[in-house]
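So this block is coords.tsv, TSV, C-alpha atoms:
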chain	number	residue	atom	x	y	z
A	1	MET	CA	50.72	49.34	-38.72
A	2	GLY	CA	48.65	50.50	-35.79
A	3	GLY	CA	45.55	48.43	-36.78
A	4	ALA	CA	47.21	45.08	-37.51
A	5	PRO	CA	48.07	44.03	-33.96
A	6	ALA	CA	44.52	44.75	-32.79
A	7	SER	CA	43.07	42.58	-35.57
A	8	HIS	CA	45.50	39.78	-34.77
A	9	GLY	CA	44.60	39.98	-31.08
A	10	LEU	CA	40.84	39.65	-31.82
A	11	PHE	CA	41.48	36.61	-33.99
A	12	ILE	CA	43.33	34.81	-31.17
A	13	SER	CA	40.61	35.66	-28.61
A	14	ALA	CA	37.82	34.40	-30.83
A	15	SER	CA	39.67	31.15	-31.54
A	16	PHE	CA	40.33	30.54	-27.85
A	17	GLU	CA	36.70	31.19	-26.97
A	18	ASP	CA	35.58	28.77	-29.66
A	19	PHE	CA	38.01	26.19	-28.33
A	20	LEU	CA	36.53	26.50	-24.83
A	21	LYS	CA	33.00	26.08	-26.20
A	22	ARG	CA	33.97	22.94	-28.08
A	23	LEU	CA	35.72	21.55	-25.01
A	24	TRP	CA	32.67	22.22	-22.82
A	25	LYS	CA	30.31	20.61	-25.32
A	26	SER	CA	32.53	17.56	-25.57
A	27	THR	CA	32.65	17.23	-21.78
A	28	ILE	CA	28.86	17.51	-21.46
A	29	ALA	CA	28.32	15.06	-24.30
A	30	PHE	CA	30.64	12.55	-22.65
A	31	PHE	CA	29.00	12.62	-19.23
A	32	TYR	CA	25.46	13.58	-20.28
A	33	PRO	CA	24.43	12.31	-23.71
A	34	THR	CA	22.57	14.98	-25.65
A	35	ASN	CA	19.77	12.58	-26.54
A	36	PRO	CA	17.41	12.60	-23.51
A	37	ASP	CA	16.27	9.03	-24.18
A	38	GLU	CA	19.88	7.86	-24.28
A	39	ARG	CA	20.68	9.67	-21.04
A	40	ARG	CA	17.67	8.10	-19.31
A	41	ARG	CA	18.59	4.61	-20.52
A	42	LYS	CA	22.12	5.15	-19.23
A	43	MET	CA	20.77	6.26	-15.85
A	44	ILE	CA	18.54	3.20	-15.46
A	45	LYS	CA	21.34	0.87	-16.54
A	46	GLU	CA	23.65	2.43	-13.96
A	47	ALA	CA	21.01	2.02	-11.24
A	48	ILE	CA	20.50	-1.65	-12.11
A	49	GLY	CA	24.30	-2.13	-12.15
A	50	LYS	CA	24.57	-0.70	-8.63
A	51	LEU	CA	21.81	-2.96	-7.35
A	52	VAL	CA	23.43	-6.06	-8.87
A	53	LEU	CA	26.57	-5.15	-6.92
A	54	LYS	CA	24.43	-4.91	-3.74
A	55	LYS	CA	24.91	-1.14	-3.52
A	56	ASP	CA	22.12	1.07	-2.21
A	57	LEU	CA	20.63	3.79	-4.39
A	58	THR	CA	20.53	7.40	-3.26
A	59	ALA	CA	17.16	9.11	-2.90
A	60	MET	CA	17.81	11.06	-6.11
A	61	GLU	CA	18.68	7.91	-8.05
A	62	MET	CA	15.54	6.17	-6.86
A	63	GLU	CA	13.41	9.19	-7.70
A	64	GLU	CA	14.86	9.34	-11.22
A	65	VAL	CA	14.19	5.66	-11.89
A	66	MET	CA	10.67	5.83	-10.48
A	67	GLY	CA	10.05	8.91	-12.59
A	68	GLU	CA	10.93	6.92	-15.71
A	69	ILE	CA	8.70	4.03	-14.64
A	70	THR	CA	5.67	6.16	-13.81
A	71	SER	CA	6.11	8.21	-17.00
A	72	LYS	CA	6.04	4.96	-19.02
A	73	ARG	CA	9.41	5.73	-20.59
A	74	ALA	CA	11.20	2.73	-19.04
A	75	SER	CA	10.97	-0.48	-21.04
A	76	THR	CA	9.42	-3.69	-19.74
A	77	ALA	CA	12.85	-5.31	-19.57
A	78	GLN	CA	14.30	-2.37	-17.62
A	79	ILE	CA	11.44	-2.37	-15.10
A	80	ALA	CA	11.59	-6.12	-14.57
A	81	SER	CA	15.39	-6.07	-14.18
A	82	PHE	CA	15.27	-3.13	-11.79
A	83	LEU	CA	12.57	-4.63	-9.55
A	84	THR	CA	14.26	-8.04	-9.46
A	85	ALA	CA	17.72	-6.63	-8.69
A	86	LEU	CA	16.29	-4.39	-5.95
A	87	ARG	CA	14.45	-7.31	-4.37
A	88	MET	CA	17.62	-9.44	-4.42
A	89	LYS	CA	19.65	-6.65	-2.78
A	90	GLY	CA	16.94	-5.77	-0.29
A	91	GLU	CA	15.12	-2.45	-0.18
A	92	THR	CA	16.33	0.17	2.32
A	93	PRO	CA	13.98	2.58	4.15
A	94	GLY	CA	15.50	5.44	2.14
A	95	GLU	CA	14.85	3.72	-1.19
A	96	ILE	CA	11.28	2.82	-0.25
A	97	THR	CA	10.59	6.34	1.01
A	98	ALA	CA	11.93	7.98	-2.15
A	99	ALA	CA	9.89	5.68	-4.38
A	100	ALA	CA	6.74	6.24	-2.33
A	101	LYS	CA	7.12	10.02	-2.58
A	102	VAL	CA	7.27	9.80	-6.38
A	103	LEU	CA	4.12	7.67	-6.52
A	104	LYS	CA	2.28	9.90	-4.07
A	105	GLU	CA	3.20	12.96	-6.12
A	106	LYS	CA	1.78	11.38	-9.27
A	107	SER	CA	-1.27	9.85	-7.62
A	108	LEU	CA	-4.74	11.04	-6.72
A	109	LYS	CA	-5.01	14.03	-4.38
A	110	MET	CA	-7.94	14.13	-1.96
A	111	ASN	CA	-9.08	16.46	0.80
A	112	LEU	CA	-10.09	14.26	3.74
A	113	GLY	CA	-9.02	16.69	6.43
A	114	GLY	CA	-6.07	14.59	7.65
A	115	ASN	CA	-8.15	12.85	10.31
A	116	SER	CA	-8.46	9.42	8.71
A	117	VAL	CA	-7.02	6.10	9.83
A	118	CYS	CA	-5.21	4.02	7.21
A	119	LEU	CA	-5.55	0.23	7.40
A	120	ASP	CA	-3.91	-0.65	4.12
A	121	ARG	CA	-2.37	-4.03	3.34
A	122	GLU	CA	-0.59	-5.53	0.39
A	123	GLU	CA	-2.82	-8.62	0.64
A	124	ILE	CA	0.19	-10.88	0.37
A	125	THR	CA	-1.93	-13.86	1.42
A	126	VAL	CA	-3.10	-14.14	-2.19
A	127	GLU	CA	0.28	-13.42	-3.79
A	128	ARG	CA	1.66	-16.36	-5.79
A	129	GLU	CA	5.04	-16.40	-4.03
A	130	THR	CA	3.47	-16.61	-0.57
A	131	ILE	CA	1.07	-19.34	-1.58
A	132	LEU	CA	3.85	-21.45	-3.08
A	133	SER	CA	6.11	-21.06	-0.05
A	134	THR	CA	3.52	-21.52	2.70
A	135	ALA	CA	0.90	-23.90	1.30
A	136	LYS	CA	1.24	-26.39	4.17
A	137	GLY	CA	-1.19	-28.81	2.54
A	138	LEU	CA	-3.89	-26.20	1.96
A	139	SER	CA	-4.82	-25.69	-1.66
A	140	GLY	CA	-5.02	-21.96	-1.15
A	141	GLY	CA	-1.95	-21.48	1.01
A	142	THR	CA	-2.49	-18.69	3.52
A	143	THR	CA	-5.65	-17.39	1.85
A	144	LEU	CA	-7.64	-15.79	4.66
A	145	PHE	CA	-10.94	-14.10	4.32
A	146	ASN	CA	-10.51	-10.34	3.94
A	147	VAL	CA	-9.77	-9.50	7.57
A	148	SER	CA	-8.73	-5.90	6.93
A	149	THR	CA	-11.99	-5.15	5.10
A	150	ALA	CA	-14.04	-6.43	8.04
A	151	THR	CA	-11.75	-4.51	10.40
A	152	ALA	CA	-12.29	-1.28	8.47
A	153	LEU	CA	-16.07	-1.60	8.83
A	154	VAL	CA	-15.83	-2.40	12.55
A	155	VAL	CA	-13.49	0.53	13.18
A	156	ALA	CA	-15.75	2.88	11.21
A	157	GLY	CA	-18.73	1.55	13.17
A	158	GLY	CA	-16.81	2.49	16.30
A	159	GLY	CA	-16.50	6.12	15.20
A	160	GLN	CA	-13.09	6.23	13.53
A	161	LYS	CA	-12.77	7.72	10.04
A	162	VAL	CA	-11.30	5.19	7.60
A	163	ALA	CA	-9.90	5.66	4.08
A	164	LYS	CA	-8.75	2.32	2.67
A	165	TYR	CA	-6.91	1.68	-0.59
A	166	VAL	CA	-8.08	-1.45	-2.41
A	167	ARG	CA	-7.14	-3.34	-5.54
A	168	LYS	CA	-8.25	-6.43	-7.36
A	169	SER	CA	-6.16	-9.50	-6.79
A	170	LEU	CA	-3.27	-10.43	-9.10
A	171	HIS	CA	-4.13	-14.03	-8.19
A	172	PRO	CA	-7.31	-15.89	-9.20
A	173	LEU	CA	-8.40	-15.79	-5.55
A	174	CYS	CA	-10.15	-12.64	-4.47
A	175	GLY	CA	-8.57	-9.41	-3.35
A	176	CYS	CA	-10.03	-6.63	-1.27
A	177	ALA	CA	-11.73	-4.86	-4.17
A	178	ASP	CA	-13.39	-8.09	-5.28
A	179	VAL	CA	-15.02	-8.79	-1.93
A	180	ILE	CA	-16.04	-5.16	-1.45
A	181	GLU	CA	-17.97	-5.29	-4.70
A	182	ALA	CA	-19.51	-8.59	-3.58
A	183	LEU	CA	-20.74	-6.77	-0.46
A	184	GLY	CA	-22.71	-4.40	-2.70
A	185	ILE	CA	-20.35	-1.41	-2.55
A	186	ASN	CA	-19.79	0.53	-5.76
A	187	LEU	CA	-16.12	1.35	-6.35
A	188	ASP	CA	-16.67	3.42	-9.48
A	189	MET	CA	-16.60	6.78	-7.71
A	190	THR	CA	-15.05	10.15	-8.49
A	191	PRO	CA	-12.70	11.83	-5.98
A	192	THR	CA	-15.42	14.35	-5.08
A	193	GLN	CA	-17.92	11.56	-4.44
A	194	LEU	CA	-15.38	9.70	-2.31
A	195	GLU	CA	-14.76	12.80	-0.23
A	196	ARG	CA	-18.51	13.14	0.37
A	197	CYS	CA	-18.69	9.45	1.23
A	198	PHE	CA	-15.87	9.79	3.74
A	199	LYS	CA	-17.49	12.80	5.43
A	200	THR	CA	-21.02	11.35	5.39
A	201	VAL	CA	-20.52	7.65	6.18
A	202	GLY	CA	-17.10	7.84	7.86
A	203	ILE	CA	-15.42	5.39	5.50
A	204	CYS	CA	-14.44	5.18	1.84
A	205	PHE	CA	-12.66	2.64	-0.33
A	206	LEU	CA	-10.24	4.06	-2.89
A	207	HIS	CA	-9.95	1.81	-5.91
A	208	GLU	CA	-6.52	1.24	-7.46
A	209	PRO	CA	-7.17	2.68	-10.97
A	210	LEU	CA	-8.28	5.95	-9.38
A	211	VAL	CA	-5.42	6.15	-6.89
A	212	HIS	CA	-2.42	5.67	-9.18
A	213	ASN	CA	-3.68	5.76	-12.71
A	214	GLY	CA	-1.04	5.07	-15.36
A	215	LEU	CA	0.73	2.08	-13.83
A	216	GLU	CA	-1.05	-0.56	-15.90
A	217	ASN	CA	2.29	-1.60	-17.40
A	218	VAL	CA	3.73	-2.22	-13.94
A	219	ILE	CA	0.71	-4.32	-12.94
A	220	SER	CA	1.25	-6.52	-15.99
A	221	ILE	CA	4.96	-6.89	-15.23
A	222	ARG	CA	4.25	-7.83	-11.62
A	223	ARG	CA	1.99	-10.62	-12.80
A	224	LYS	CA	4.69	-11.96	-15.10
A	225	ILE	CA	7.54	-11.75	-12.57
A	226	GLY	CA	5.55	-13.71	-9.98
A	227	ILE	CA	7.59	-12.61	-6.94
A	228	ARG	CA	7.11	-9.87	-4.39
A	229	THR	CA	8.76	-6.61	-5.44
A	230	LEU	CA	9.15	-3.01	-4.34
A	231	PHE	CA	5.54	-2.36	-5.35
A	232	ASN	CA	4.28	-4.80	-2.73
A	233	LEU	CA	5.81	-2.44	-0.17
A	234	LEU	CA	4.63	0.71	-1.94
A	235	ASP	CA	0.96	-0.20	-2.41
A	236	PRO	CA	-0.03	0.44	1.23
A	237	LEU	CA	1.96	3.71	1.35
A	238	ILE	CA	0.23	5.76	-1.35
A	239	ASN	CA	-3.19	6.21	0.23
A	240	PRO	CA	-4.18	9.79	-0.73
A	241	GLY	CA	-6.05	10.27	2.53
A	242	GLU	CA	-2.79	11.53	4.13
A	243	ALA	CA	-3.66	9.74	7.36
A	244	LYS	CA	-1.57	10.54	10.42
A	245	VAL	CA	-2.40	7.15	11.97
A	246	GLN	CA	-1.69	3.87	10.17
A	247	VAL	CA	-1.77	0.15	10.90
A	248	LEU	CA	0.31	-1.60	8.24
A	249	GLY	CA	0.56	-5.34	7.69
A	250	VAL	CA	3.77	-6.80	6.22
A	251	TYR	CA	4.69	-10.24	4.88
A	252	ASP	CA	8.03	-10.61	6.69
A	253	PRO	CA	8.85	-10.08	10.41
A	254	ASN	CA	12.12	-8.40	9.41
A	255	LEU	CA	10.13	-5.64	7.72
A	256	THR	CA	8.28	-4.28	10.76
A	257	GLU	CA	10.97	-1.85	11.93
A	258	LYS	CA	12.04	-0.97	8.38
A	259	MET	CA	8.50	-0.05	7.35
A	260	ALA	CA	7.92	1.84	10.59
A	261	ALA	CA	10.89	4.02	9.61
A	262	VAL	CA	9.38	4.55	6.16
A	263	LEU	CA	6.00	5.56	7.60
A	264	MET	CA	7.68	8.09	9.86
A	265	ASN	CA	9.66	9.43	6.90
A	266	LEU	CA	6.35	9.94	5.09
A	267	GLY	CA	4.85	11.96	7.94
A	268	VAL	CA	2.74	9.36	9.78
A	269	GLU	CA	2.70	10.34	13.45
A	270	LYS	CA	1.43	7.14	15.10
A	271	GLY	CA	1.30	3.62	13.80
A	272	LEU	CA	1.70	-0.11	14.13
A	273	VAL	CA	3.51	-2.36	11.67
A	274	ILE	CA	2.48	-5.97	12.20
A	275	HIS	CA	3.41	-9.45	11.04
A	276	GLY	CA	1.50	-12.48	12.27
A	277	LYS	CA	2.39	-16.14	12.42
A	278	ASP	CA	1.75	-18.12	9.21
A	279	THR	CA	2.96	-15.13	7.15
A	280	LEU	CA	-0.18	-13.16	7.94
A	281	ASP	CA	-0.19	-9.43	7.29
A	282	GLU	CA	-2.71	-9.18	10.12
A	283	ILE	CA	-2.54	-9.66	13.87
A	284	SER	CA	-2.70	-13.43	14.09
A	285	ILE	CA	-5.14	-15.58	16.00
A	286	THR	CA	-3.04	-18.68	15.23
A	287	GLY	CA	0.06	-17.68	17.20
A	288	GLU	CA	2.44	-14.80	17.89
A	289	THR	CA	2.43	-11.47	16.11
A	290	ARG	CA	5.43	-9.18	15.90
A	291	VAL	CA	4.44	-5.54	16.40
A	292	THR	CA	6.55	-2.42	15.88
A	293	GLU	CA	4.80	0.57	17.42
A	294	PHE	CA	5.80	4.18	16.94
A	295	ARG	CA	4.42	7.36	18.41
A	296	GLU	CA	5.83	10.74	17.44
A	297	GLY	CA	9.32	9.39	16.75
A	298	GLU	CA	9.59	6.83	19.56
A	299	VAL	CA	9.75	3.22	18.36
A	300	ARG	CA	9.41	-0.09	20.19
A	301	SER	CA	8.89	-3.68	19.06
A	302	TYR	CA	7.18	-6.49	20.96
A	303	LEU	CA	5.32	-9.78	20.54
A	304	ILE	CA	1.67	-10.47	21.32
A	305	LYS	CA	-0.41	-13.65	21.17
A	306	PRO	CA	-4.16	-14.33	21.40
A	307	GLU	CA	-3.86	-15.81	24.88
A	308	ASP	CA	-2.70	-12.40	26.14
A	309	PHE	CA	-6.27	-11.19	25.61
A	310	GLY	CA	-8.18	-14.24	26.81
A	311	MET	CA	-8.72	-15.60	23.30
A	312	LYS	CA	-8.34	-19.20	22.22
A	313	ARG	CA	-5.57	-19.91	19.71
A	314	ALA	CA	-7.08	-21.03	16.40
A	315	GLU	CA	-5.94	-23.12	13.47
A	316	LEU	CA	-5.28	-21.44	10.14
A	317	VAL	CA	-8.08	-23.39	8.47
A	318	GLU	CA	-10.60	-21.70	10.82
A	319	ILE	CA	-9.96	-18.29	9.26
A	320	ARG	CA	-9.49	-19.46	5.71
A	321	GLY	CA	-11.43	-17.68	2.96
A	322	GLY	CA	-12.34	-18.50	-0.60
A	323	THR	CA	-14.17	-16.82	-3.44
A	324	LYS	CA	-15.35	-13.23	-3.23
A	325	GLU	CA	-18.87	-14.46	-2.52
A	326	LYS	CA	-17.62	-16.75	0.26
A	327	ASN	CA	-15.54	-13.98	1.82
A	328	ALA	CA	-18.45	-11.53	1.66
A	329	GLU	CA	-20.59	-14.11	3.44
A	330	ILE	CA	-17.93	-14.54	6.17
A	331	ILE	CA	-17.67	-10.78	6.71
A	332	LEU	CA	-21.45	-10.49	7.02
A	333	GLU	CA	-21.46	-13.28	9.59
A	334	VAL	CA	-18.81	-11.46	11.63
A	335	LEU	CA	-20.69	-8.16	11.44
A	336	LYS	CA	-23.91	-9.92	12.49
A	337	GLY	CA	-22.20	-11.12	15.68
A	338	ILE	CA	-21.48	-14.79	15.00
A	339	LYS	CA	-18.74	-15.86	17.39
A	340	GLY	CA	-15.60	-17.85	16.64
A	341	ALA	CA	-12.06	-17.48	15.35
A	342	ARG	CA	-13.13	-15.19	12.51
A	343	ARG	CA	-14.73	-12.74	14.90
A	344	ASP	CA	-11.72	-12.97	17.23
A	345	ILE	CA	-9.17	-12.04	14.54
A	346	VAL	CA	-11.32	-9.07	13.50
A	347	LEU	CA	-11.62	-7.98	17.13
A	348	LEU	CA	-7.85	-8.12	17.63
A	349	ASN	CA	-7.09	-6.14	14.50
A	350	SER	CA	-9.79	-3.58	15.25
A	351	ALA	CA	-8.51	-3.24	18.81
A	352	ALA	CA	-5.07	-2.36	17.48
A	353	VAL	CA	-6.56	0.51	15.49
A	354	PHE	CA	-8.57	1.88	18.40
A	355	MET	CA	-5.47	1.65	20.60
A	356	ILE	CA	-2.96	3.39	18.30
A	357	ALA	CA	-5.53	6.05	17.33
A	358	GLY	CA	-5.87	6.97	21.01
A	359	GLU	CA	-9.48	5.85	21.33
A	360	ALA	CA	-8.50	3.01	23.69
A	361	ARG	CA	-5.82	2.84	26.41
A	362	ASP	CA	-4.72	-0.67	25.43
A	363	PHE	CA	-5.67	-3.74	23.43
A	364	GLN	CA	-8.18	-4.95	26.03
A	365	GLU	CA	-10.16	-1.73	25.91
A	366	GLY	CA	-9.86	-1.77	22.12
A	367	ILE	CA	-11.42	-5.25	22.06
A	368	ARG	CA	-14.36	-3.97	24.09
A	369	LEU	CA	-14.87	-1.09	21.65
A	370	ALA	CA	-14.70	-3.45	18.69
A	371	SER	CA	-17.16	-5.86	20.33
A	372	HIS	CA	-19.58	-2.99	20.94
A	373	SER	CA	-19.29	-1.86	17.31
A	374	ILE	CA	-20.36	-5.34	16.19
A	375	ASP	CA	-22.89	-6.26	18.88
A	376	SER	CA	-24.67	-2.90	18.76
A	377	GLY	CA	-25.18	-3.31	15.01
A	378	LYS	CA	-23.16	-0.18	14.19
A	379	ALA	CA	-20.59	-2.02	12.06
A	380	LEU	CA	-23.28	-3.69	9.96
A	381	ASP	CA	-25.18	-0.41	9.69
A	382	THR	CA	-21.98	1.23	8.40
A	383	LEU	CA	-21.83	-1.35	5.63
A	384	LYS	CA	-25.49	-0.77	4.72
A	385	ARG	CA	-25.08	3.01	4.64
A	386	LEU	CA	-21.88	2.71	2.60
A	387	ALA	CA	-23.51	0.46	0.01
A	388	GLU	CA	-26.51	2.78	-0.26
A	389	PHE	CA	-24.40	5.93	-0.49
A	390	THR	CA	-22.01	4.62	-3.14
A	391	HIS	CA	-24.91	3.65	-5.38
A	392	THR	CA	-27.08	6.70	-4.94
A	393	GLU	CA	-24.05	8.90	-5.64
A	394	GLN	CA	-23.21	7.14	-8.87
A	395	ARG	CA	-24.98	8.65	-11.86
A	396	PHE	CA	-24.73	5.66	-14.15
A	397	LEU	CA	-25.39	2.51	-12.17
A	398	ARG	CA	-25.63	-1.07	-13.13
A	399	SER	CA	-28.67	-2.75	-11.61
A	400	LEU	CA	-27.81	-4.53	-8.37
A	401	ASP	CA	-29.92	-6.89	-6.30
A	402	PHE	CA	-28.99	-6.05	-2.71
A	403	SER	CA	-30.66	-9.21	-1.46
A	404	SER	CA	-27.91	-11.21	-3.18
A	405	THR	CA	-25.33	-9.69	-0.83
A	406	GLY	CA	-27.17	-10.87	2.27
A	407	ILE	CA	-27.69	-7.30	3.45
A	408	SER	CA	-31.16	-6.75	4.85

Turn this file's structure into structure tokens for me.
Amino acid sequence: MGGAPASHGLFISASFEDFLKRLWKSTIAFFYPTNPDERRRKMIKEAIGKLVLKKDLTAMEMEEVMGEITSKRASTAQIASFLTALRMKGETPGEITAAAKVLKEKSLKMNLGGNSVCLDREEITVERETILSTAKGLSGGTTLFNVSTATALVVAGGGQKVAKYVRKSLHPLCGCADVIEALGINLDMTPTQLERCFKTVGICFLHEPLVHNGLENVISIRRKIGIRTLFNLLDPLINPGEAKVQVLGVYDPNLTEKMAAVLMNLGVEKGLVIHGKDTLDEISITGETRVTEFREGEVRSYLIKPEDFGMKRAELVEIRGGTKEKNAEIILEVLKGIKGARRDIVLLNSAAVFMIAGEARDFQEGIRLASHSIDSGKALDTLKRLAEFTHTEQRFLRSLDFSSTGIS
């Protein structure tokens, strides 16, 4: 008699405990599918659904989706749908920041001492969407010569340390990496070699495959979509140099303040975000440029034009580029001191860097520093030393005739 109640009591307790376990498992299975792949697909679908309804994603949601994309677990259809829906909604500073942090975490890490200047662009002037929407009778649309590449060399010639991210163009016209190779610079460098290059020459170009290896699937999808996406905004933000000073060019005047907020979120202390007339992601010589400037948390926006600095306003055709060989030739002409609209646009963009980096008090003084870098031969000498260094550092080199680049 005395043992029966105890046995009965244990039986009830065990059954109740089992019931709670089953209930908990059912709850988890309902909200979080046990199959990890199924849970991830559900998460991406939910994110796309929110974007279609014009709802912003939280930082955590964006990080999760970007994690799936960078880990190559998201399908082509999911990536294309996500990028298109996000573009149609409009990216927020929080979404861009969260995505950039994921890419930076998964990208190349380099030790450049934190004293570099970042001059990265998305090179939207050779993006298909821009060309189609702004052709204005020119067969190449807004295809400039590579102003930011020339600017980087002028700024480095003026004593600033420059780490610039470059990629080959998604369009048949040439991108930054294409013209850099045409100038005789070897891009096939290891991170250690690039660090030595940065410290020795004062400038290095970080090639896309090295910076964020593993996004080949995204590159292919971007080509097929044919419109600007989140990655157009992210490309200039993942420079592993961890620069505290940045001059960023954007393809839309409404992006200057938004991207300034993103840069500050990412730890950049001083910077300019610029958009020039004719959809230029450079300071324009053809008309007004919208500038958003920030210094240690303080932000202000203003307009500048070439006449403000005693420069003649030019026509777009005067700064038009072409093939990688043509653009390399133009850059060499600028570095050798040939005057004209091409030199002027490089001077203006270089002046902006000297000014925001604290080397010059204002644009006018920055123009004088840029002019000295060119006219003293220091900018051209920087190019020569960079070409020589990148080839002597490379163990397995293809033969290269330096005379073909026009460098002598």

Determine the nearest neighbour of Val353 of chain A from the options A:Arg73, A:Lys270, A:Arg167, A:His372, counting all atoms listed in the file.
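Among the listed residues, A:Lys270 lies closest to Val353 of chain A.
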
With distances taken over all atoms listed in the file, which residue among A:Gly267, A:Pro306, A:Gly226, A:Gly184 lies nearest Phe389 of chain A?
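Ranking A:Gly267, A:Pro306, A:Gly226, A:Gly184 by distance to Phe389 of chain A, first place goes to A:Gly184.
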
Distance criterion (all atoms listed in the file): nearest to Phe145 of chain A out of A:Ala80, A:Leu53, A:Leu316, A:Ile221
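Distance minimum relative to Phe145 of chain A lands on A:Leu316.
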
Of the candidates A:Asp235, A:Asp281, A:Glu181, A:Glu216, which one gets nearest to Ala99 of chain A if we count only C-alpha atoms?
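Counting only C-alpha atoms, the residue closest to Ala99 of chain A is A:Asp235.
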
Please indicate the distance in Å from atom CA of Asp252 of chain A to atom CA of Thr289 of chain A, rounded to one decimal place.
11.0 Å

Could you give me segment 318-332 of chain A completed to N, CA and C atoms, formatted as a compact mmCIF listing (two decimals), keeping the file's coordinate frame?
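Saved to out.txt:
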# COMPACT_ATOMS: atom_id res chain seq x y z
N GLU A 318 -9.40 -22.32 10.24
CA GLU A 318 -10.60 -21.70 10.82
C GLU A 318 -10.83 -20.29 10.31
N ILE A 319 -9.80 -19.66 9.77
CA ILE A 319 -9.96 -18.29 9.26
C ILE A 319 -9.70 -18.23 7.76
N ARG A 320 -9.72 -19.39 7.15
CA ARG A 320 -9.49 -19.46 5.71
C ARG A 320 -10.68 -18.88 4.95
N GLY A 321 -10.39 -18.24 3.80
CA GLY A 321 -11.43 -17.68 2.96
C GLY A 321 -11.60 -18.49 1.69
N GLY A 322 -12.11 -17.81 0.67
CA GLY A 322 -12.34 -18.50 -0.60
C GLY A 322 -12.64 -17.51 -1.69
N THR A 323 -13.75 -17.72 -2.38
CA THR A 323 -14.17 -16.82 -3.44
C THR A 323 -14.64 -15.50 -2.86
N LYS A 324 -14.86 -14.51 -3.73
CA LYS A 324 -15.35 -13.23 -3.23
C LYS A 324 -16.72 -13.38 -2.58
N GLU A 325 -17.55 -14.26 -3.11
CA GLU A 325 -18.87 -14.46 -2.52
C GLU A 325 -18.75 -15.11 -1.14
N LYS A 326 -17.84 -16.09 -1.02
CA LYS A 326 -17.62 -16.75 0.26
C LYS A 326 -17.08 -15.76 1.28
N ASN A 327 -16.12 -14.94 0.89
CA ASN A 327 -15.54 -13.98 1.82
C ASN A 327 -16.54 -12.92 2.24
N ALA A 328 -17.40 -12.49 1.31
CA ALA A 328 -18.45 -11.53 1.66
C ALA A 328 -19.40 -12.14 2.68
N GLU A 329 -19.71 -13.40 2.50
CA GLU A 329 -20.59 -14.11 3.44
C GLU A 329 -19.95 -14.18 4.83
N ILE A 330 -18.64 -14.47 4.88
CA ILE A 330 -17.93 -14.54 6.17
C ILE A 330 -17.95 -13.19 6.86
N ILE A 331 -17.68 -12.12 6.11
CA ILE A 331 -17.67 -10.78 6.71
C ILE A 331 -19.04 -10.43 7.26
N LEU A 332 -20.09 -10.76 6.53
CA LEU A 332 -21.45 -10.49 7.02
C LEU A 332 -21.73 -11.27 8.30
